[in-house]
Every structure is written in structure tokens, then in C-alpha cells.
Amino acid sequence: MREQVYTREDTGRGPLILVNASHPLPPQPAPRLAPALPGQGDVLLERRAARMLAACVRAAGGLGKIVAVSGWRSRGEQQEIWDGSLRDHGEAFTRSYVALPGCSEHETGLAIDLAAASPAIDFIRPDFPRGGVCGEFRRLAPLFGWIERYPAGKESVTGIACEPWHFRYVGAPHAQIMAERGLCLEEYLELLRGGGLRFAYRGGAVRIFRIECGENGVTLPLAVRFTVSGDNDGGFLLTVREEAA
Ligand SMILES: [Zn+2]
């Protein structure tokens, strides 16, 4: 049987990686990048995240009305933003709204800050309203694998103030599960640590569970239909489609 080996380094890769103040992103090459939205070559995302973002914006009727403000950042760029915010806004503001270099989801290429199109856009706290096309985007986002990453009420879990403009690609069906159950990424990964879950999906079902990565990595057969993502916390999340009965 053909097999695939996943190494400890691989635990820091994939759409479900947790990146926050206590889970820095290990240094790694930039992901393969693409423009976050059509015509916005200055803002980049990991390619699949970009494709799904554009599809969601299109479905919401938001092309030209929703603007990508900030996507992938190198560690150096995150450092510049941190330094600039410290200088201009002080430490309390910066600690609330800017992640420490190495601890920003933006370095993964899986996070985007969005704004409603406007002549004046605030780079650190863009305006992304709850109504109109932005609201429609918000409603559809989980179907395209995107979540509102720092919602109100989860500040004590995420460690980040409510940021209604910051979205994170976690992929399907995870975004839908998190939205339906009202879980932020930290809570979702904690739930999977405590045991697997089953989710009715696309006329069938998937099972999602976590495996710890050992010293020598994890070897998985290629025969089963599944996807794998690291969690940036020493393990992998497996998403397996159940065979029809
Ligand atoms: Zn952001």
C-alpha cells in the first residue's frame, strides 16, 4: 500500500494551523501566493484561500464593493506594522489590534482584512459593516471555508479584540462546523483534542479527528479518502469522508 509520511515540520502547515500569541508560526518559506481578489495584485493570499475568497465575494455580489486591505505578510512586514502602530497609537492599542511578529495569522497567507470599498480605508481597523454586501459575505463565508476569526464574546479565548474585518481560511467543512456551533478556532481545536466528531456534509458525512505527531512523524495510507492539516500544536487533523452505507 502506498503511504505518505508527515513530519513534525508538517504540523505547522495546513488550513487548520493555530497561530496566536502562544502558538507562533515556525519559520517557513512563504506559501504559494495569488492575488487575494481579482484586480488586487498588491494583496496576496495562499492560492487556495485566494480562490475561495474570490468565489465568496462573487457569490455575495461584492466584486468591486469589497476590498482586500491586507493579506499575506512576511515576518519583516509584520514587524514594521507592529513598530509603526507602537509609534503612532501606543502600546495598549497595539497589543489589542496588532499581533506580535511571528504570532500573526497574516504570516500564514490564510488571513485577510476586508473593507467596504471607500476612498479612505483604515489599514489597521478597516470598516467592514454587518449589513449590505459585507453582511452577505459574512453569511456565506463558512460555505467557502472562511470564518470571522475574532468575534465579539471570544476575546478571552482568542486574546484579540473583536475584529469584524479579519477573516481566516480554515477550509471546508471546518468553517461550517465552527459557524454552526459558535466556536472560534481555539475552541474547535480543543474540541477535536477531546475526541473526534462527525458532521453531515454534502449528502454524506465526514469524520474529523486529531492524531498526535510522534518523534518520527506519522505515516498514513494513501488509500483512504481524507485531507490532513497540521494544527501547529504537535498534531494533525484528519478529515475522512465516510463511505456510503
Ligand atoms: Zn487581520
# chains A, B, ... in the order shown; residues from 1 in each chain; ligands from 1

call {"tool": "residues_near_ligand", "arguments": {"ligand": "ligand 1", "cutoff": "10 Å", "atoms": "only C-alpha atoms and all ligand atoms", "output": "PyMOL selection string"}}
result
chain A and resi 69-72+97-99+104-106+111-114+123-126+149-150+163-168

call {"tool": "write_last_selection", "arguments": {"atoms": "C-alpha atoms", "output": "CSV table (one decimal), in the first residue's frame"}}
result
chain,number,residue,atom,x,y,z
A,69,VAL,CA,-6.9,45.5,2.7
A,70,SER,CA,-4.2,43.2,4.0
A,71,GLY,CA,-3.4,39.6,3.3
A,72,TRP,CA,-0.1,37.7,3.5
A,97,TYR,CA,-5.1,45.0,17.5
A,98,VAL,CA,-1.7,44.0,16.2
A,99,ALA,CA,-0.2,40.6,16.6
A,104,SER,CA,0.2,36.9,13.2
A,105,GLU,CA,-2.2,34.8,11.2
A,106,HIS,CA,-1.3,37.1,8.3
A,111,ALA,CA,-5.9,35.5,6.8
A,112,ILE,CA,-7.4,38.6,5.1
A,113,ASP,CA,-8.6,42.0,6.3
A,114,LEU,CA,-11.5,43.2,4.3
A,123,PHE,CA,-5.3,50.0,7.4
A,124,ILE,CA,-5.4,48.6,11.0
A,125,ARG,CA,-9.1,48.8,11.7
A,126,PRO,CA,-11.0,48.8,8.3
A,149,ARG,CA,-11.7,34.9,13.3
A,150,TYR,CA,-12.0,37.3,16.2
A,163,GLU,CA,-12.1,42.4,14.7
A,164,PRO,CA,-15.1,42.2,12.4
A,165,TRP,CA,-12.9,42.8,9.3
A,166,HIS,CA,-10.4,39.9,9.8
A,167,PHE,CA,-11.3,36.6,8.2
A,168,ARG,CA,-9.4,33.3,8.2

call {"tool": "closest_atom_pairs", "arguments": {"of": "segment 129-215 of chain A", "to": "segment 56-64 of chain A", "cutoff": "6 Å", "atoms": "only C-alpha atoms", "output": "JSON lines"}}
result
{"residue": "A:Val133", "atom": "CA", "partner": "A:Gly62", "partner_atom": "CA", "distance": 5.6}
{"residue": "A:Glu136", "atom": "CA", "partner": "A:Ala60", "partner_atom": "CA", "distance": 5.4}
{"residue": "A:Phe137", "atom": "CA", "partner": "A:Ala60", "partner_atom": "CA", "distance": 5.1}

call {"tool": "closest_residue", "arguments": {"among": "A:Gly102, A:Gly195, A:Pro119, A:Pro38", "to": "Val19 of chain A", "atoms": "only C-alpha atoms"}}
result
A:Gly102

call {"tool": "residues_around", "arguments": {"residues": "Ile211 of chain A", "least_positions_apart": "5", "cutoff": "12 Å", "atoms": "only C-alpha atoms", "output": "PyMOL selection string"}}
result
chain A and resi 6+8+11+189+192-196+217-220+228-231+233-239

call {"tool": "select_by_dssp", "arguments": {"residues": "segment 58-236 of chain A", "states": "strand (DSSP E)", "output": "PyMOL selection string"}}
result
chain A and resi 66-70+111-116+146-150+163-169+197-201+204-212+218-221+226-230+235-236

call {"tool": "write_last_selection", "arguments": {"atoms": "N, CA and C atoms", "output": "short mmCIF file (atom, residue, chain, number, x, y, z; two decimals), in the first residue's frame"}}
result
data_model
loop_
_atom_site.label_atom_id
_atom_site.label_comp_id
_atom_site.auth_asym_id
_atom_site.auth_seq_id
_atom_site.Cartn_x
_atom_site.Cartn_y
_atom_site.Cartn_z
N ILE A 66 -16.26 45.09 -2.15
CA ILE A 66 -15.45 44.60 -1.02
C ILE A 66 -13.99 44.63 -1.45
N VAL A 67 -13.15 45.20 -0.60
CA VAL A 67 -11.75 45.41 -0.94
C VAL A 67 -10.87 44.62 0.03
N ALA A 68 -9.84 43.98 -0.51
CA ALA A 68 -8.86 43.30 0.33
C ALA A 68 -7.85 44.34 0.81
N VAL A 69 -7.72 44.50 2.12
CA VAL A 69 -6.85 45.54 2.68
C VAL A 69 -5.47 44.98 2.99
N SER A 70 -5.44 43.80 3.61
CA SER A 70 -4.16 43.21 3.98
C SER A 70 -4.28 41.69 4.01
N ALA A 111 -5.13 34.51 6.09
CA ALA A 111 -5.95 35.53 6.75
C ALA A 111 -6.03 36.77 5.88
N ILE A 112 -7.20 37.42 5.95
CA ILE A 112 -7.41 38.61 5.14
C ILE A 112 -8.17 39.66 5.95
N ASP A 113 -7.79 40.91 5.81
CA ASP A 113 -8.57 42.01 6.35
C ASP A 113 -9.35 42.60 5.18
N LEU A 114 -10.65 42.75 5.38
CA LEU A 114 -11.52 43.25 4.32
C LEU A 114 -12.12 44.59 4.71
N ALA A 115 -12.45 45.38 3.70
CA ALA A 115 -13.13 46.65 3.94
C ALA A 115 -14.21 46.83 2.89
N ALA A 116 -15.23 47.60 3.27
CA ALA A 116 -16.18 48.08 2.27
C ALA A 116 -15.43 49.13 1.44
N TRP A 146 -14.34 30.08 4.99
CA TRP A 146 -13.84 31.26 5.70
C TRP A 146 -14.65 31.51 6.98
N ILE A 147 -13.96 31.96 8.02
CA ILE A 147 -14.62 32.31 9.28
C ILE A 147 -14.22 33.71 9.71
N GLU A 148 -15.14 34.34 10.46
CA GLU A 148 -14.78 35.57 11.15
C GLU A 148 -13.95 35.13 12.35
N ARG A 149 -12.69 35.51 12.36
CA ARG A 149 -11.74 34.86 13.27
C ARG A 149 -11.77 35.39 14.70
N TYR A 150 -12.08 36.70 14.86
CA TYR A 150 -12.04 37.28 16.20
C TYR A 150 -13.38 37.91 16.56
N GLU A 163 -12.56 41.83 15.93
CA GLU A 163 -12.08 42.41 14.67
C GLU A 163 -13.03 41.96 13.56
N PRO A 164 -14.11 42.70 13.34
CA PRO A 164 -15.11 42.25 12.37
C PRO A 164 -14.62 42.25 10.92
N TRP A 165 -13.42 42.74 10.69
CA TRP A 165 -12.87 42.80 9.34
C TRP A 165 -11.90 41.67 9.03
N HIS A 166 -11.48 40.89 10.04
CA HIS A 166 -10.43 39.89 9.85
C HIS A 166 -11.05 38.50 9.67
N PHE A 167 -10.79 37.91 8.52
CA PHE A 167 -11.32 36.58 8.20
C PHE A 167 -10.16 35.61 8.01
N ARG A 168 -10.45 34.35 8.28
CA ARG A 168 -9.42 33.32 8.22
C ARG A 168 -9.95 32.14 7.43
N TYR A 169 -9.13 31.65 6.53
CA TYR A 169 -9.48 30.45 5.78
C TYR A 169 -9.11 29.22 6.59
N LEU A 197 -15.22 14.16 15.82
CA LEU A 197 -16.63 14.49 15.61
C LEU A 197 -17.05 14.04 14.21
N ARG A 198 -18.37 13.92 14.07
CA ARG A 198 -18.96 13.51 12.79
C ARG A 198 -19.85 14.65 12.34
N PHE A 199 -19.84 14.94 11.04
CA PHE A 199 -20.60 16.08 10.53
C PHE A 199 -21.26 15.68 9.21
N ALA A 200 -22.59 15.88 9.16
CA ALA A 200 -23.31 15.59 7.91
C ALA A 200 -22.90 16.63 6.88
N TYR A 201 -22.48 16.16 5.72
CA TYR A 201 -21.87 17.07 4.77
C TYR A 201 -22.06 16.58 3.34
N GLY A 204 -23.52 13.23 2.54
CA GLY A 204 -22.88 12.11 3.25
C GLY A 204 -22.45 12.60 4.62
N ALA A 205 -21.30 12.15 5.05
CA ALA A 205 -20.79 12.60 6.34
C ALA A 205 -19.28 12.53 6.32
N VAL A 206 -18.68 13.36 7.15
CA VAL A 206 -17.23 13.29 7.35
C VAL A 206 -16.95 13.06 8.83
N ARG A 207 -15.85 12.42 9.10
CA ARG A 207 -15.35 12.30 10.48
C ARG A 207 -14.06 13.09 10.57
N ILE A 208 -13.93 13.81 11.65
CA ILE A 208 -12.74 14.65 11.86
C ILE A 208 -12.12 14.27 13.19
N PHE A 209 -10.85 13.99 13.18
CA PHE A 209 -10.19 13.66 14.44
C PHE A 209 -8.72 14.05 14.40
N ARG A 210 -8.13 14.09 15.57
CA ARG A 210 -6.75 14.54 15.71
C ARG A 210 -5.84 13.37 16.02
N ILE A 211 -4.65 13.40 15.43
CA ILE A 211 -3.63 12.44 15.85
C ILE A 211 -2.38 13.20 16.24
N GLU A 212 -1.77 12.73 17.30
CA GLU A 212 -0.54 13.34 17.80
C GLU A 212 0.61 12.93 16.88
N VAL A 218 4.22 10.81 11.29
CA VAL A 218 3.03 9.95 11.18
C VAL A 218 2.99 9.42 9.76
N THR A 219 2.73 8.13 9.64
CA THR A 219 2.61 7.52 8.32
C THR A 219 1.16 7.16 8.07
N LEU A 220 0.63 7.65 6.96
CA LEU A 220 -0.78 7.40 6.65
C LEU A 220 -0.88 6.73 5.28
N PRO A 221 -1.83 5.80 5.14
CA PRO A 221 -2.01 5.17 3.85
C PRO A 221 -2.62 6.16 2.86
N PHE A 226 -9.07 11.20 2.50
CA PHE A 226 -9.03 12.13 3.62
C PHE A 226 -8.19 13.34 3.27
N THR A 227 -8.33 14.37 4.06
CA THR A 227 -7.42 15.51 3.97
C THR A 227 -6.73 15.64 5.33
N VAL A 228 -5.54 16.21 5.32
CA VAL A 228 -4.73 16.34 6.53
C VAL A 228 -4.30 17.79 6.67
N SER A 229 -4.40 18.29 7.87
CA SER A 229 -3.83 19.61 8.17
C SER A 229 -3.09 19.52 9.49
N GLY A 230 -1.95 20.17 9.59
CA GLY A 230 -1.31 20.32 10.88
C GLY A 230 -2.15 21.24 11.75
N GLY A 235 0.23 18.17 16.34
CA GLY A 235 -0.60 17.10 15.80
C GLY A 235 -1.17 17.43 14.44
N PHE A 236 -2.00 16.50 13.97
CA PHE A 236 -2.67 16.64 12.67
C PHE A 236 -4.16 16.42 12.84
#

call {"tool": "select_by_dssp", "arguments": {"residues": "segment 72-125 of chain A", "states": "helix (DSSP H, G or I)", "output": "ChimeraX atom specification"}}
result
/A:75-89,91-97,105-108

call {"tool": "residues_around", "arguments": {"residues": "Phe144 of chain A", "least_positions_apart": "3", "cutoff": "9 Å", "atoms": "only C-alpha atoms", "output": "count of residues only"}}
result
13

call {"tool": "residues_around", "arguments": {"residues": "Glu46 of chain A", "least_positions_apart": "3", "cutoff": "9 Å", "atoms": "only C-alpha atoms", "output": "VMD selection string"}}
result
chain A and resid 30 to 36 49 to 51 71 to 72 108 to 111

call {"tool": "closest_residue", "arguments": {"among": "A:Glu80, A:Arg138, A:Val157, A:Asp10", "to": "Ala179 of chain A", "atoms": "only C-alpha atoms"}}
result
A:Arg138

call {"tool": "closest_residue", "arguments": {"among": "A:Ala161, A:Asp122, A:Leu100, A:Val5", "to": "Ile81 of chain A", "atoms": "only C-alpha atoms"}}
result
A:Leu100

call {"tool": "atom_distance", "arguments": {"atom1": "atom CA of Gly159 of chain A", "atom2": "atom CA of Asn20 of chain A"}}
result
8.0 Å

call {"tool": "closest_residue", "arguments": {"among": "A:Gly76, A:Cys213, A:Glu242, A:Pro26", "to": "Arg225 of chain A", "atoms": "only C-alpha atoms"}}
result
A:Glu242

call {"tool": "atom_distance", "arguments": {"atom1": "atom CA of Ala120 of chain A", "atom2": "atom CA of Asp88 of chain A"}}
result
18.0 Å

call {"tool": "decode", "arguments": {"residues": "segment 23-60 of chain A", "atoms": "N, CA and C atoms", "output": "PDB file, in the first residue's frame"}}
result
ATOM      1  N   HIS A  23       1.106  30.279  20.161  1.00  0.00           N
ATOM      2  CA  HIS A  23       1.438  29.338  19.088  1.00  0.00           C
ATOM      3  C   HIS A  23       2.043  30.087  17.898  1.00  0.00           C
ATOM      4  N   PRO A  24       3.309  30.501  18.024  1.00  0.00           N
ATOM      5  CA  PRO A  24       3.944  31.207  16.907  1.00  0.00           C
ATOM      6  C   PRO A  24       4.070  30.306  15.693  1.00  0.00           C
ATOM      7  N   LEU A  25       4.099  30.922  14.538  1.00  0.00           N
ATOM      8  CA  LEU A  25       4.288  30.176  13.303  1.00  0.00           C
ATOM      9  C   LEU A  25       5.776  29.851  13.160  1.00  0.00           C
ATOM     10  N   PRO A  26       6.126  28.561  13.023  1.00  0.00           N
ATOM     11  CA  PRO A  26       7.539  28.255  12.834  1.00  0.00           C
ATOM     12  C   PRO A  26       8.031  28.897  11.539  1.00  0.00           C
ATOM     13  N   PRO A  27       9.274  29.369  11.521  1.00  0.00           N
ATOM     14  CA  PRO A  27       9.801  29.966  10.297  1.00  0.00           C
ATOM     15  C   PRO A  27       9.669  28.977   9.145  1.00  0.00           C
ATOM     16  N   GLN A  28       9.155  29.418   8.029  1.00  0.00           N
ATOM     17  CA  GLN A  28       8.979  28.551   6.872  1.00  0.00           C
ATOM     18  C   GLN A  28       8.886  29.406   5.619  1.00  0.00           C
ATOM     19  N   PRO A  29       9.120  28.793   4.464  1.00  0.00           N
ATOM     20  CA  PRO A  29       9.039  29.576   3.240  1.00  0.00           C
ATOM     21  C   PRO A  29       7.617  30.112   3.039  1.00  0.00           C
ATOM     22  N   ALA A  30       7.494  31.208   2.315  1.00  0.00           N
ATOM     23  CA  ALA A  30       6.170  31.754   2.018  1.00  0.00           C
ATOM     24  C   ALA A  30       5.359  30.698   1.266  1.00  0.00           C
ATOM     25  N   PRO A  31       4.041  30.651   1.505  1.00  0.00           N
ATOM     26  CA  PRO A  31       3.211  29.727   0.727  1.00  0.00           C
ATOM     27  C   PRO A  31       3.139  30.178  -0.731  1.00  0.00           C
ATOM     28  N   ARG A  32       2.588  29.328  -1.575  1.00  0.00           N
ATOM     29  CA  ARG A  32       2.368  29.758  -2.958  1.00  0.00           C
ATOM     30  C   ARG A  32       1.231  30.769  -2.960  1.00  0.00           C
ATOM     31  N   LEU A  33       1.511  31.950  -3.493  1.00  0.00           N
ATOM     32  CA  LEU A  33       0.611  33.086  -3.318  1.00  0.00           C
ATOM     33  C   LEU A  33      -0.091  33.466  -4.611  1.00  0.00           C
ATOM     34  N   ALA A  34      -1.234  34.116  -4.450  1.00  0.00           N
ATOM     35  CA  ALA A  34      -2.001  34.627  -5.586  1.00  0.00           C
ATOM     36  C   ALA A  34      -2.723  35.888  -5.131  1.00  0.00           C
ATOM     37  N   PRO A  35      -3.129  36.755  -6.072  1.00  0.00           N
ATOM     38  CA  PRO A  35      -3.892  37.943  -5.670  1.00  0.00           C
ATOM     39  C   PRO A  35      -5.128  37.554  -4.864  1.00  0.00           C
ATOM     40  N   ALA A  36      -5.367  38.291  -3.761  1.00  0.00           N
ATOM     41  CA  ALA A  36      -6.478  37.953  -2.872  1.00  0.00           C
ATOM     42  C   ALA A  36      -7.819  38.076  -3.588  1.00  0.00           C
ATOM     43  N   LEU A  37      -7.943  39.102  -4.434  1.00  0.00           N
ATOM     44  CA  LEU A  37      -9.169  39.314  -5.197  1.00  0.00           C
ATOM     45  C   LEU A  37      -8.788  39.728  -6.611  1.00  0.00           C
ATOM     46  N   PRO A  38      -9.649  39.473  -7.588  1.00  0.00           N
ATOM     47  CA  PRO A  38      -9.331  39.876  -8.959  1.00  0.00           C
ATOM     48  C   PRO A  38      -9.005  41.370  -9.019  1.00  0.00           C
ATOM     49  N   GLY A  39      -7.925  41.720  -9.678  1.00  0.00           N
ATOM     50  CA  GLY A  39      -7.550  43.129  -9.819  1.00  0.00           C
ATOM     51  C   GLY A  39      -6.829  43.693  -8.616  1.00  0.00           C
ATOM     52  N   GLN A  40      -6.568  42.855  -7.604  1.00  0.00           N
ATOM     53  CA  GLN A  40      -5.860  43.357  -6.413  1.00  0.00           C
ATOM     54  C   GLN A  40      -4.544  42.618  -6.233  1.00  0.00           C
ATOM     55  N   GLY A  41      -3.657  42.809  -7.202  1.00  0.00           N
ATOM     56  CA  GLY A  41      -2.373  42.121  -7.175  1.00  0.00           C
ATOM     57  C   GLY A  41      -1.452  42.554  -6.057  1.00  0.00           C
ATOM     58  N   ASP A  42      -1.820  43.626  -5.349  1.00  0.00           N
ATOM     59  CA  ASP A  42      -0.962  44.127  -4.264  1.00  0.00           C
ATOM     60  C   ASP A  42      -1.247  43.427  -2.941  1.00  0.00           C
ATOM     61  N   VAL A  43      -2.355  42.700  -2.860  1.00  0.00           N
ATOM     62  CA  VAL A  43      -2.699  41.962  -1.638  1.00  0.00           C
ATOM     63  C   VAL A  43      -2.737  40.481  -1.991  1.00  0.00           C
ATOM     64  N   LEU A  44      -1.926  39.682  -1.295  1.00  0.00           N
ATOM     65  CA  LEU A  44      -1.752  38.278  -1.672  1.00  0.00           C
ATOM     66  C   LEU A  44      -2.274  37.332  -0.598  1.00  0.00           C
ATOM     67  N   LEU A  45      -2.679  36.155  -1.051  1.00  0.00           N
ATOM     68  CA  LEU A  45      -3.088  35.081  -0.144  1.00  0.00           C
ATOM     69  C   LEU A  45      -2.547  33.763  -0.680  1.00  0.00           C
ATOM     70  N   GLU A  46      -2.510  32.769   0.184  1.00  0.00           N
ATOM     71  CA  GLU A  46      -2.234  31.402  -0.253  1.00  0.00           C
ATOM     72  C   GLU A  46      -3.242  31.084  -1.362  1.00  0.00           C
ATOM     73  N   ARG A  47      -2.811  30.331  -2.357  1.00  0.00           N
ATOM     74  CA  ARG A  47      -3.602  30.248  -3.591  1.00  0.00           C
ATOM     75  C   ARG A  47      -5.021  29.720  -3.408  1.00  0.00           C
ATOM     76  N   ARG A  48      -5.162  28.657  -2.626  1.00  0.00           N
ATOM     77  CA  ARG A  48      -6.499  28.100  -2.460  1.00  0.00           C
ATOM     78  C   ARG A  48      -7.391  29.060  -1.662  1.00  0.00           C
ATOM     79  N   ALA A  49      -6.807  29.675  -0.627  1.00  0.00           N
ATOM     80  CA  ALA A  49      -7.555  30.655   0.165  1.00  0.00           C
ATOM     81  C   ALA A  49      -8.020  31.802  -0.732  1.00  0.00           C
ATOM     82  N   ALA A  50      -7.140  32.236  -1.640  1.00  0.00           N
ATOM     83  CA  ALA A  50      -7.488  33.322  -2.560  1.00  0.00           C
ATOM     84  C   ALA A  50      -8.646  32.913  -3.471  1.00  0.00           C
ATOM     85  N   ARG A  51      -8.568  31.699  -3.995  1.00  0.00           N
ATOM     86  CA  ARG A  51      -9.621  31.234  -4.900  1.00  0.00           C
ATOM     87  C   ARG A  51     -10.975  31.200  -4.181  1.00  0.00           C
ATOM     88  N   MET A  52     -10.975  30.714  -2.942  1.00  0.00           N
ATOM     89  CA  MET A  52     -12.231  30.599  -2.209  1.00  0.00           C
ATOM     90  C   MET A  52     -12.735  31.969  -1.733  1.00  0.00           C
ATOM     91  N   LEU A  53     -11.813  32.891  -1.468  1.00  0.00           N
ATOM     92  CA  LEU A  53     -12.236  34.246  -1.100  1.00  0.00           C
ATOM     93  C   LEU A  53     -12.934  34.914  -2.286  1.00  0.00           C
ATOM     94  N   ALA A  54     -12.303  34.828  -3.447  1.00  0.00           N
ATOM     95  CA  ALA A  54     -12.895  35.460  -4.634  1.00  0.00           C
ATOM     96  C   ALA A  54     -14.257  34.845  -4.933  1.00  0.00           C
ATOM     97  N   ALA A  55     -14.375  33.526  -4.777  1.00  0.00           N
ATOM     98  CA  ALA A  55     -15.657  32.859  -5.052  1.00  0.00           C
ATOM     99  C   ALA A  55     -16.732  33.355  -4.098  1.00  0.00           C
ATOM    100  N   CYS A  56     -16.366  33.570  -2.844  1.00  0.00           N
ATOM    101  CA  CYS A  56     -17.345  34.017  -1.851  1.00  0.00           C
ATOM    102  C   CYS A  56     -17.753  35.467  -2.102  1.00  0.00           C
ATOM    103  N   VAL A  57     -16.771  36.308  -2.403  1.00  0.00           N
ATOM    104  CA  VAL A  57     -17.080  37.720  -2.687  1.00  0.00           C
ATOM    105  C   VAL A  57     -17.988  37.807  -3.913  1.00  0.00           C
ATOM    106  N   ARG A  58     -17.691  36.996  -4.917  1.00  0.00           N
ATOM    107  CA  ARG A  58     -18.518  36.977  -6.122  1.00  0.00           C
ATOM    108  C   ARG A  58     -19.942  36.536  -5.781  1.00  0.00           C
ATOM    109  N   ALA A  59     -20.056  35.465  -4.981  1.00  0.00           N
ATOM    110  CA  ALA A  59     -21.383  34.942  -4.614  1.00  0.00           C
ATOM    111  C   ALA A  59     -22.188  35.969  -3.814  1.00  0.00           C
ATOM    112  N   ALA A  60     -21.484  36.802  -3.049  1.00  0.00           N
ATOM    113  CA  ALA A  60     -22.165  37.822  -2.238  1.00  0.00           C
ATOM    114  C   ALA A  60     -22.508  39.058  -3.066  1.00  0.00           C
TER     115      ALA A  60
END
